[in-house]
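Structure file query21.pdb with PDB, C-alpha atoms and all ligand atoms:
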ATOM      1  CA  MET I1167      76.042  94.704 114.375  1.00  0.00           C
ATOM      2  CA  ALA I1168      75.126  98.333 114.793  1.00  0.00           C
ATOM      3  CA  GLU I1169      73.492 100.136 111.895  1.00  0.00           C
ATOM      4  CA  LEU I1170      75.974 102.200 109.847  1.00  0.00           C
ATOM      5  CA  ASP I1171      75.684 105.921 110.442  1.00  0.00           C
ATOM      6  CA  LEU I1172      75.148 106.979 106.835  1.00  0.00           C
ATOM      7  CA  LYS I1173      75.045 110.658 107.713  1.00  0.00           C
ATOM      8  CA  LEU I1174      78.695 110.426 108.730  1.00  0.00           C
ATOM      9  CA  LEU I1175      79.703 108.744 105.495  1.00  0.00           C
ATOM     10  CA  THR I1176      77.640 110.253 102.715  1.00  0.00           C
ATOM     11  CA  HIS I1177      76.509 113.611 101.382  1.00  0.00           C
ATOM     12  CA  GLY I1178      72.853 114.475 100.849  1.00  0.00           C
ATOM     13  CA  PRO I1179      69.900 112.188 100.270  1.00  0.00           C
ATOM     14  CA  ARG I1180      70.510 108.830  98.621  1.00  0.00           C
ATOM     15  CA  ARG I1181      68.470 106.570  96.389  1.00  0.00           C
ATOM     16  CA  GLY I1182      66.758 103.770  98.253  1.00  0.00           C
ATOM     17  CA  VAL I1183      67.737 100.129  97.747  1.00  0.00           C
ATOM     18  CA  MET I1184      65.207  97.641  96.396  1.00  0.00           C
ATOM     19  CA  LEU I1185      66.289  94.594  98.380  1.00  0.00           C
ATOM     20  CA  VAL I1186      64.793  91.391  96.984  1.00  0.00           C
ATOM     21  CA  LEU I1187      64.881  88.217  99.089  1.00  0.00           C
ATOM     22  CA  SER I1188      63.972  84.988  97.321  1.00  0.00           C
ATOM     23  CA  SER I1189      64.274  81.351  98.318  1.00  0.00           C
ATOM     24  CA  PRO I1190      62.577  78.038  97.940  1.00  0.00           C
ATOM     25  CA  SER I1191      59.600  77.744 100.293  1.00  0.00           C
ATOM     26  CA  GLY I1192      60.835  76.747 103.764  1.00  0.00           C
ATOM     27  CA  ALA I1193      64.402  78.048 103.493  1.00  0.00           C
ATOM     28  CA  GLY I1194      63.698  80.573 106.246  1.00  0.00           C
ATOM     29  CA  LYS I1195      63.277  83.704 104.194  1.00  0.00           C
ATOM     30  CA  THR I1196      60.270  85.027 106.097  1.00  0.00           C
ATOM     31  CA  SER I1197      62.108  84.760 109.445  1.00  0.00           C
ATOM     32  CA  VAL I1198      65.108  86.536 107.936  1.00  0.00           C
ATOM     33  CA  ALA I1199      62.836  89.298 106.617  1.00  0.00           C
ATOM     34  CA  ARG I1200      61.130  89.758 109.982  1.00  0.00           C
ATOM     35  CA  ARG I1201      64.395  90.188 111.879  1.00  0.00           C
ATOM     36  CA  LEU I1202      65.824  92.513 109.262  1.00  0.00           C
ATOM     37  CA  LEU I1203      62.814  94.780 109.563  1.00  0.00           C
ATOM     38  CA  GLU I1204      63.200  94.873 113.347  1.00  0.00           C
ATOM     39  CA  ARG I1205      66.822  95.957 113.078  1.00  0.00           C
ATOM     40  CA  GLU I1206      66.894  98.255 110.064  1.00  0.00           C
ATOM     41  CA  ARG I1207      64.894 101.391 110.680  1.00  0.00           C
ATOM     42  CA  GLU I1208      65.199 102.713 107.133  1.00  0.00           C
ATOM     43  CA  LEU I1209      63.945  99.480 105.603  1.00  0.00           C
ATOM     44  CA  GLU I1210      60.269  98.852 104.988  1.00  0.00           C
ATOM     45  CA  LEU I1211      58.462  95.775 103.737  1.00  0.00           C
ATOM     46  CA  SER I1212      56.594  95.769 100.464  1.00  0.00           C
ATOM     47  CA  VAL I1213      53.294  94.117 101.408  1.00  0.00           C
ATOM     48  CA  SER I1214      52.160  92.003  98.469  1.00  0.00           C
ATOM     49  CA  VAL I1215      48.638  91.332  97.288  1.00  0.00           C
ATOM     50  CA  THR I1216      47.678  87.684  96.949  1.00  0.00           C
ATOM     51  CA  THR I1217      44.718  85.489  96.087  1.00  0.00           C
ATOM     52  CA  ARG I1218      45.997  82.836  98.540  1.00  0.00           C
ATOM     53  CA  PRO I1219      43.756  82.398 101.591  1.00  0.00           C
ATOM     54  CA  PRO I1220      45.310  83.668 104.839  1.00  0.00           C
ATOM     55  CA  ARG I1221      47.122  81.165 107.088  1.00  0.00           C
ATOM     56  CA  PRO I1222      46.152  81.199 110.770  1.00  0.00           C
ATOM     57  CA  GLY I1223      47.738  84.230 112.400  1.00  0.00           C
ATOM     58  CA  GLU I1224      48.318  86.137 109.161  1.00  0.00           C
ATOM     59  CA  ARG I1225      46.902  89.634 109.163  1.00  0.00           C
ATOM     60  CA  ASP I1226      45.382  91.453 106.215  1.00  0.00           C
ATOM     61  CA  GLY I1227      47.432  94.526 105.335  1.00  0.00           C
ATOM     62  CA  VAL I1228      50.409  93.331 107.417  1.00  0.00           C
ATOM     63  CA  ASP I1229      51.506  89.968 105.975  1.00  0.00           C
ATOM     64  CA  TYR I1230      49.622  90.378 102.705  1.00  0.00           C
ATOM     65  CA  HIS I1231      46.695  92.226 101.251  1.00  0.00           C
ATOM     66  CA  PHE I1232      44.323  89.299 100.740  1.00  0.00           C
ATOM     67  CA  VAL I1233      42.145  89.844  97.671  1.00  0.00           C
ATOM     68  CA  ASP I1234      39.921  87.746  95.424  1.00  0.00           C
ATOM     69  CA  ALA I1235      40.826  86.816  91.858  1.00  0.00           C
ATOM     70  CA  GLU I1236      38.640  89.571  90.412  1.00  0.00           C
ATOM     71  CA  ARG I1237      40.220  92.344  92.426  1.00  0.00           C
ATOM     72  CA  PHE I1238      43.686  91.010  91.565  1.00  0.00           C
ATOM     73  CA  ALA I1239      42.859  91.042  87.835  1.00  0.00           C
ATOM     74  CA  ARG I1240      41.582  94.622  88.139  1.00  0.00           C
ATOM     75  CA  MET I1241      44.832  95.711  89.782  1.00  0.00           C
ATOM     76  CA  VAL I1242      46.854  94.099  86.985  1.00  0.00           C
ATOM     77  CA  ALA I1243      44.706  95.773  84.314  1.00  0.00           C
ATOM     78  CA  ALA I1244      45.051  99.177  85.986  1.00  0.00           C
ATOM     79  CA  GLY I1245      48.851  98.854  86.109  1.00  0.00           C
ATOM     80  CA  GLU I1246      48.826  99.035  89.899  1.00  0.00           C
ATOM     81  CA  LEU I1247      51.334  96.190  90.296  1.00  0.00           C
ATOM     82  CA  LEU I1248      55.063  96.552  89.767  1.00  0.00           C
ATOM     83  CA  GLU I1249      55.336  92.828  89.099  1.00  0.00           C
ATOM     84  CA  HIS I1250      53.064  89.832  89.485  1.00  0.00           C
ATOM     85  CA  ALA I1251      53.273  86.084  89.122  1.00  0.00           C
ATOM     86  CA  GLU I1252      51.519  82.827  89.848  1.00  0.00           C
ATOM     87  CA  VAL I1253      53.294  80.883  92.585  1.00  0.00           C
ATOM     88  CA  TYR I1254      52.160  77.439  93.772  1.00  0.00           C
ATOM     89  CA  GLY I1255      48.730  77.932  92.223  1.00  0.00           C
ATOM     90  CA  HIS I1256      47.958  81.397  93.626  1.00  0.00           C
ATOM     91  CA  ARG I1257      48.544  84.897  92.271  1.00  0.00           C
ATOM     92  CA  TYR I1258      50.923  87.310  94.012  1.00  0.00           C
ATOM     93  CA  GLY I1259      51.901  90.864  93.143  1.00  0.00           C
ATOM     94  CA  THR I1260      53.729  93.947  94.385  1.00  0.00           C
ATOM     95  CA  PRO I1261      51.693  97.175  94.683  1.00  0.00           C
ATOM     96  CA  ARG I1262      53.518  99.952  92.884  1.00  0.00           C
ATOM     97  CA  ALA I1263      52.529 103.093  94.817  1.00  0.00           C
ATOM     98  CA  PRO I1264      54.050 102.306  98.258  1.00  0.00           C
ATOM     99  CA  VAL I1265      57.357 101.294  96.660  1.00  0.00           C
ATOM    100  CA  GLU I1266      57.611 104.501  94.664  1.00  0.00           C
ATOM    101  CA  ARG I1267      56.740 106.530  97.766  1.00  0.00           C
ATOM    102  CA  ALA I1268      59.408 104.847  99.894  1.00  0.00           C
ATOM    103  CA  LEU I1269      62.185 105.039  97.298  1.00  0.00           C
ATOM    104  CA  GLY I1270      61.353 108.677  96.589  1.00  0.00           C
ATOM    105  CA  ALA I1271      61.793 109.408 100.301  1.00  0.00           C
ATOM    106  CA  GLY I1272      65.222 107.734 100.312  1.00  0.00           C
ATOM    107  CA  ARG I1273      64.014 104.676 102.198  1.00  0.00           C
ATOM    108  CA  ASP I1274      64.862 101.077 101.321  1.00  0.00           C
ATOM    109  CA  VAL I1275      62.235  98.506 100.427  1.00  0.00           C
ATOM    110  CA  LEU I1276      62.359  94.787 101.186  1.00  0.00           C
ATOM    111  CA  PHE I1277      60.609  92.414  98.779  1.00  0.00           C
ATOM    112  CA  ASP I1278      59.808  88.835  99.795  1.00  0.00           C
ATOM    113  CA  ILE I1279      59.036  87.609  96.277  1.00  0.00           C
ATOM    114  CA  ASP I1280      59.846  84.640  94.063  1.00  0.00           C
ATOM    115  CA  TRP I1281      62.282  84.419  91.140  1.00  0.00           C
ATOM    116  CA  GLN I1282      59.631  85.436  88.602  1.00  0.00           C
ATOM    117  CA  GLY I1283      59.021  88.671  90.478  1.00  0.00           C
ATOM    118  CA  ALA I1284      62.762  89.245  90.882  1.00  0.00           C
ATOM    119  CA  GLN I1285      63.235  88.890  87.117  1.00  0.00           C
ATOM    120  CA  GLN I1286      60.513  91.448  86.432  1.00  0.00           C
ATOM    121  CA  LEU I1287      61.914  93.956  88.927  1.00  0.00           C
ATOM    122  CA  ARG I1288      65.379  93.483  87.457  1.00  0.00           C
ATOM    123  CA  GLU I1289      63.993  94.410  84.011  1.00  0.00           C
ATOM    124  CA  LYS I1290      62.249  97.502  85.356  1.00  0.00           C
ATOM    125  CA  ALA I1291      64.747  98.744  87.919  1.00  0.00           C
ATOM    126  CA  ALA I1292      68.114  97.102  87.319  1.00  0.00           C
ATOM    127  CA  GLY I1293      70.114  99.874  88.964  1.00  0.00           C
ATOM    128  CA  ASP I1294      67.991  99.979  92.107  1.00  0.00           C
ATOM    129  CA  MET I1295      67.554  96.271  92.744  1.00  0.00           C
ATOM    130  CA  VAL I1296      69.792  94.022  94.812  1.00  0.00           C
ATOM    131  CA  GLY I1297      68.875  90.330  94.761  1.00  0.00           C
ATOM    132  CA  VAL I1298      69.662  87.957  97.628  1.00  0.00           C
ATOM    133  CA  PHE I1299      68.875  84.259  97.257  1.00  0.00           C
ATOM    134  CA  ILE I1300      68.621  82.097 100.368  1.00  0.00           C
ATOM    135  CA  LEU I1301      69.341  78.369 100.209  1.00  0.00           C
ATOM    136  CA  PRO I1302      68.411  75.757 102.815  1.00  0.00           C
ATOM    137  CA  PRO I1303      71.345  73.832 104.312  1.00  0.00           C
ATOM    138  CA  SER I1304      69.867  70.510 103.155  1.00  0.00           C
ATOM    139  CA  LEU I1305      66.750  68.887 101.763  1.00  0.00           C
ATOM    140  CA  ASP I1306      66.036  67.235 105.132  1.00  0.00           C
ATOM    141  CA  GLU I1307      66.159  70.561 106.930  1.00  0.00           C
ATOM    142  CA  LEU I1308      63.880  72.141 104.327  1.00  0.00           C
ATOM    143  CA  GLU I1309      61.321  69.359 104.798  1.00  0.00           C
ATOM    144  CA  ARG I1310      61.505  69.751 108.584  1.00  0.00           C
ATOM    145  CA  ARG I1311      60.867  73.482 108.310  1.00  0.00           C
ATOM    146  CA  LEU I1312      57.958  73.014 105.922  1.00  0.00           C
ATOM    147  CA  ARG I1313      56.344  70.463 108.250  1.00  0.00           C
ATOM    148  CA  ARG I1314      56.862  72.681 111.272  1.00  0.00           C
ATOM    149  CA  ARG I1315      54.533  75.134 109.553  1.00  0.00           C
ATOM    150  CA  ALA I1316      51.698  72.898 110.676  1.00  0.00           C
ATOM    151  CA  SER I1317      49.002  75.019 109.095  1.00  0.00           C
ATOM    152  CA  ASP I1318      49.804  73.837 105.568  1.00  0.00           C
ATOM    153  CA  PRO I1319      48.116  70.590 104.540  1.00  0.00           C
ATOM    154  CA  GLU I1320      50.309  67.603 103.615  1.00  0.00           C
ATOM    155  CA  GLU I1321      49.673  67.973  99.876  1.00  0.00           C
ATOM    156  CA  VAL I1322      50.821  71.594 100.000  1.00  0.00           C
ATOM    157  CA  VAL I1323      54.049  70.548 101.749  1.00  0.00           C
ATOM    158  CA  ARG I1324      54.637  67.774  99.177  1.00  0.00           C
ATOM    159  CA  PHE I1325      53.948  70.103  96.274  1.00  0.00           C
ATOM    160  CA  ARG I1326      56.350  72.740  97.597  1.00  0.00           C
ATOM    161  CA  LEU I1327      59.055  70.094  98.129  1.00  0.00           C
ATOM    162  CA  SER I1328      58.554  68.877  94.577  1.00  0.00           C
ATOM    163  CA  ARG I1329      59.250  72.405  93.336  1.00  0.00           C
ATOM    164  CA  LEU I1330      62.590  72.668  95.108  1.00  0.00           C
ATOM    165  CA  ALA I1331      64.806  71.693  92.174  1.00  0.00           C
ATOM    166  CA  SER I1332      63.224  74.189  89.794  1.00  0.00           C
ATOM    167  CA  ASP I1333      63.115  76.989  92.405  1.00  0.00           C
ATOM    168  CA  VAL I1334      66.778  76.501  93.308  1.00  0.00           C
ATOM    169  CA  SER I1335      67.854  76.554  89.655  1.00  0.00           C
ATOM    170  CA  HIS I1336      67.408  80.352  89.647  1.00  0.00           C
ATOM    171  CA  TRP I1337      70.258  81.033  92.075  1.00  0.00           C
ATOM    172  CA  PRO I1338      72.610  82.475  89.386  1.00  0.00           C
ATOM    173  CA  GLU I1339      70.131  85.295  88.718  1.00  0.00           C
ATOM    174  CA  TYR I1340      70.889  86.862  92.123  1.00  0.00           C
ATOM    175  CA  ASP I1341      73.708  89.163  93.243  1.00  0.00           C
ATOM    176  CA  TYR I1342      74.257  87.323  96.526  1.00  0.00           C
ATOM    177  CA  VAL I1343      73.548  83.734  97.579  1.00  0.00           C
ATOM    178  CA  LEU I1344      73.495  82.734 101.257  1.00  0.00           C
ATOM    179  CA  ILE I1345      73.087  79.305 102.847  1.00  0.00           C
ATOM    180  CA  ASN I1346      70.792  79.705 105.824  1.00  0.00           C
ATOM    181  CA  ARG I1347      72.446  77.388 108.365  1.00  0.00           C
ATOM    182  CA  ASP I1348      71.908  79.839 111.171  1.00  0.00           C
ATOM    183  CA  LEU I1349      69.213  82.499 111.218  1.00  0.00           C
ATOM    184  CA  GLU I1350      71.292  85.078 113.106  1.00  0.00           C
ATOM    185  CA  ALA I1351      74.288  84.684 110.791  1.00  0.00           C
ATOM    186  CA  THR I1352      72.062  85.009 107.733  1.00  0.00           C
ATOM    187  CA  VAL I1353      70.330  88.125 109.039  1.00  0.00           C
ATOM    188  CA  GLU I1354      73.652  89.787 109.815  1.00  0.00           C
ATOM    189  CA  ALA I1355      75.006  88.882 106.357  1.00  0.00           C
ATOM    190  CA  VAL I1356      72.017  90.526 104.695  1.00  0.00           C
ATOM    191  CA  ARG I1357      72.595  93.627 106.855  1.00  0.00           C
ATOM    192  CA  VAL I1358      76.209  93.768 105.673  1.00  0.00           C
ATOM    193  CA  ILE I1359      75.024  93.527 102.051  1.00  0.00           C
ATOM    194  CA  LEU I1360      72.435  96.254 102.620  1.00  0.00           C
ATOM    195  CA  GLY I1361      74.999  98.499 104.289  1.00  0.00           C
ATOM    196  CA  ALA I1362      77.449  98.185 101.411  1.00  0.00           C
ATOM    197  CA  GLU I1363      74.761  98.674  98.789  1.00  0.00           C
ATOM    198  CA  ARG I1364      73.545 101.852 100.504  1.00  0.00           C
ATOM    199  CA  LEU I1365      77.035 103.269 100.082  1.00  0.00           C
ATOM    200  CA  ARG I1366      77.322 102.515  96.366  1.00  0.00           C
ATOM    201  CA  ARG I1367      78.433 105.518  94.364  1.00  0.00           C
ATOM    202  CA  GLN I1368      75.427 105.209  92.044  1.00  0.00           C
ATOM    203  CA  ARG I1369      73.066 105.618  94.987  1.00  0.00           C
ATOM    204  CA  GLN I1370      74.588 108.970  95.979  1.00  0.00           C
ATOM    205  CA  PRO I1371      73.383 111.508  93.446  1.00  0.00           C
ATOM    206  CA  HIS I1372      74.841 114.447  95.378  1.00  0.00           C
ATOM    207  CA  LEU I1373      78.376 113.123  95.639  1.00  0.00           C
ATOM    208  CA  GLY I1374      79.458 114.890  92.430  1.00  0.00           C
ATOM    209  CA  ALA I1375      78.546 118.283  93.899  1.00  0.00           C
ATOM    210  CA  PHE I1376      80.426 117.493  97.091  1.00  0.00           C
ATOM    211  CA  VAL I1377      83.564 116.467  95.222  1.00  0.00           C
ATOM    212  CA  SER I1378      83.484 119.520  93.017  1.00  0.00           C
ATOM    213  CA  GLN I1379      83.237 121.676  96.158  1.00  0.00           C
ATOM    214  CA  LEU I1380      86.291 119.847  97.518  1.00  0.00           C
ATOM    215  CA  ARG I1381      88.211 120.438  94.326  1.00  0.00           C
ATOM    216  CA  HIS I1382      87.308 124.063  93.869  1.00  0.00           C
ATOM    217  CA  GLY I1383      87.281 125.127  97.479  1.00  0.00           C
ATOM    218  CA  GLY I1384      84.426 126.462  99.549  1.00  0.00           C
ATOM    219  CA  GLY I1385      81.937 124.587 101.747  1.00  0.00           C
TER     220      GLY I1385
HETATM  221  P1  LIG L1401      53.668  82.103 100.672  1.00  0.00           P
HETATM  222  O1  LIG L1401      52.360  81.621 100.096  1.00  0.00           O
HETATM  223  O2  LIG L1401      54.425  80.975 101.330  1.00  0.00           O
HETATM  224  O3  LIG L1401      53.494  83.300 101.569  1.00  0.00           O
HETATM  225  O4  LIG L1401      54.562  82.598  99.449  1.00  0.00           O
HETATM  226  C1  LIG L1401      54.804  81.762  98.379  1.00  0.00           C
HETATM  227  C2  LIG L1401      55.851  82.372  97.481  1.00  0.00           C
HETATM  228  O5  LIG L1401      55.333  83.532  96.833  1.00  0.00           O
HETATM  229  C3  LIG L1401      57.107  82.826  98.227  1.00  0.00           C
HETATM  230  O6  LIG L1401      58.235  82.392  97.482  1.00  0.00           O
HETATM  231  C4  LIG L1401      57.004  84.326  98.197  1.00  0.00           C
HETATM  232  O7  LIG L1401      58.289  84.932  98.194  1.00  0.00           O
HETATM  233  C5  LIG L1401      56.302  84.561  96.884  1.00  0.00           C
HETATM  234  N1  LIG L1401      55.658  85.876  96.839  1.00  0.00           N
HETATM  235  C6  LIG L1401      55.054  86.545  97.834  1.00  0.00           C
HETATM  236  N2  LIG L1401      54.620  87.737  97.422  1.00  0.00           N
HETATM  237  C7  LIG L1401      54.963  87.840  96.125  1.00  0.00           C
HETATM  238  C8  LIG L1401      54.808  88.871  95.137  1.00  0.00           C
HETATM  239  O8  LIG L1401      54.267  89.946  95.362  1.00  0.00           O
HETATM  240  N3  LIG L1401      55.313  88.617  93.903  1.00  0.00           N
HETATM  241  C9  LIG L1401      55.939  87.447  93.587  1.00  0.00           C
HETATM  242  N4  LIG L1401      56.404  87.309  92.363  1.00  0.00           N
HETATM  243  N5  LIG L1401      56.112  86.466  94.501  1.00  0.00           N
HETATM  244  C10 LIG L1401      55.626  86.655  95.741  1.00  0.00           C
END
Take the structure from the file and write it as structure tokens.
Amino acid sequence: MAELDLKLLTHGPRRGVMLVLSSPSGAGKTSVARRLLERERELELSVSVTTRPPRPGERDGVDYHFVDAERFARMVAAGELLEHAEVYGHRYGTPRAPVERALGAGRDVLFDIDWQGAQQLREKAAGDMVGVFILPPSLDELERRLRRRASDPEEVVRFRLSRLASDVSHWPEYDYVLINRDLEATVEAVRVILGAERLRRQRQPHLGAFVSQLRHGGG
């Protein structure tokens, strides 16, 4: 699918979309996010801070900002995080400044965060946030995907599997729910959602001026 040419369809700068992707661990969300970012030039990833140690291959400042517990607590106290939560025994949070910068510039921001973070963003930015929840096609497939990520020790895999039921119970809190049977199909579905959300009337603050020009002549 080609990217929509928004300049042909809209008038003036728009408000950016806060696109939240959540899923139980292993449902394929990170792969979806990666492909989306490759294909959507106006979309940028919100890089979270975490106290979790890096997995092999993860890069500081790219996958996460890896910090110790003290630094994380300082960021919370200083109000530098837009939301934060404890997930599977580690702390995770979204730095505020880059998000505000991107939205202010009319760019969209992708958040790979859990349901606790999604709830907090919804409270703070209901009109800007679009929530997409990704489900695995089956429990067996989820387990296979978690085990394929060989870097996680067995107890981590078991713990994450044990959390499936409670993670999945949050699906009704999202605007869209997709079953990830096929990575390509899922990525394209999220692009369709993003395209439609970009065109929402509420995200086009200059539309009123355009319409009034139409009605009263000129332009
Ligand atoms: P992982 O350790 O596998 O990278 O991530 C574990 C979980 O934490 C995933 O569900 C991921 O979406 C979530 N997560 C990552 N960053 C954040 C964040 O900044 N805030 C919240 N609330 N969850 C996050």
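Residues matching the PyMOL selection byres (((chain I and resi 1179) around 12) and not hetatm) in this structure come to I:Leu1172, I:Lys1173, I:Leu1175, I:Thr1176, I:His1177, I:Gly1178, I:Arg1180, I:Arg1181, I:Gly1182, I:Leu1269, I:Gly1270, I:Ala1271, I:Gly1272, I:Arg1273, I:Arg1364, I:Leu1365, I:Arg1369, I:Gln1370, I:Pro1371, I:His1372, I:Leu1373.
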**OP:** Show me which residues sit within 10 Å of ligand LIG 1401 (chain L) when counting only C-alpha atoms and all ligand atoms, and put them as a ChimeraX atom specification.
**Re:** /I:1186-1193,1195-1196,1212-1221,1224,1229-1231,1247-1261,1277-1287,1312,1318,1326,1333
Could you write out that same residue set with C-alpha atoms as a CSV table (one decimal), in the coordinates of the input?
chain,number,residue,atom,x,y,z
I,1186,VAL,CA,64.8,91.4,97.0
I,1187,LEU,CA,64.9,88.2,99.1
I,1188,SER,CA,64.0,85.0,97.3
I,1189,SER,CA,64.3,81.4,98.3
I,1190,PRO,CA,62.6,78.0,97.9
I,1191,SER,CA,59.6,77.7,100.3
I,1192,GLY,CA,60.8,76.7,103.8
I,1193,ALA,CA,64.4,78.0,103.5
I,1195,LYS,CA,63.3,83.7,104.2
I,1196,THR,CA,60.3,85.0,106.1
I,1212,SER,CA,56.6,95.8,100.5
I,1213,VAL,CA,53.3,94.1,101.4
I,1214,SER,CA,52.2,92.0,98.5
I,1215,VAL,CA,48.6,91.3,97.3
I,1216,THR,CA,47.7,87.7,96.9
I,1217,THR,CA,44.7,85.5,96.1
I,1218,ARG,CA,46.0,82.8,98.5
I,1219,PRO,CA,43.8,82.4,101.6
I,1220,PRO,CA,45.3,83.7,104.8
I,1221,ARG,CA,47.1,81.2,107.1
I,1224,GLU,CA,48.3,86.1,109.2
I,1229,ASP,CA,51.5,90.0,106.0
I,1230,TYR,CA,49.6,90.4,102.7
I,1231,HIS,CA,46.7,92.2,101.3
I,1247,LEU,CA,51.3,96.2,90.3
I,1248,LEU,CA,55.1,96.6,89.8
I,1249,GLU,CA,55.3,92.8,89.1
I,1250,HIS,CA,53.1,89.8,89.5
I,1251,ALA,CA,53.3,86.1,89.1
I,1252,GLU,CA,51.5,82.8,89.8
I,1253,VAL,CA,53.3,80.9,92.6
I,1254,TYR,CA,52.2,77.4,93.8
I,1255,GLY,CA,48.7,77.9,92.2
I,1256,HIS,CA,48.0,81.4,93.6
I,1257,ARG,CA,48.5,84.9,92.3
I,1258,TYR,CA,50.9,87.3,94.0
I,1259,GLY,CA,51.9,90.9,93.1
I,1260,THR,CA,53.7,93.9,94.4
I,1261,PRO,CA,51.7,97.2,94.7
I,1277,PHE,CA,60.6,92.4,98.8
I,1278,ASP,CA,59.8,88.8,99.8
I,1279,ILE,CA,59.0,87.6,96.3
I,1280,ASP,CA,59.8,84.6,94.1
I,1281,TRP,CA,62.3,84.4,91.1
I,1282,GLN,CA,59.6,85.4,88.6
I,1283,GLY,CA,59.0,88.7,90.5
I,1284,ALA,CA,62.8,89.2,90.9
I,1285,GLN,CA,63.2,88.9,87.1
I,1286,GLN,CA,60.5,91.4,86.4
I,1287,LEU,CA,61.9,94.0,88.9
I,1312,LEU,CA,58.0,73.0,105.9
I,1318,ASP,CA,49.8,73.8,105.6
I,1326,ARG,CA,56.4,72.7,97.6
I,1333,ASP,CA,63.1,77.0,92.4
Original post:
With distances taken over all atoms listed in the file, which of I:Glu1307, I:Glu1236, I:Asp1294, I:Glu1210 is nearest to Arg1347 of chain I?
Top reply: I:Glu1307
Original post:
What separation in Å, quoted to one decimal, exists between atom CA of Ser1197 of chain I and atom CA of Val1296 of chain I?
Top reply: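 Between atom CA of Ser1197 of chain I and atom CA of Val1296 of chain I the gap works out to 18.9 Å.
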Subject >> Residue members of the PyMOL selection byres (((chain I and resi 1361) around 10) and not hetatm) in the file shown, as a PyMOL selection string >> reply: chain I and resi 1169-1172+1183+1206+1355-1360+1362-1366
Original post:
When you draw a straight line from atom CA of Phe1325 of chain I to atom CA of Asp1306 of chain I, how long is it in Å?
Top reply: 15.3 Å
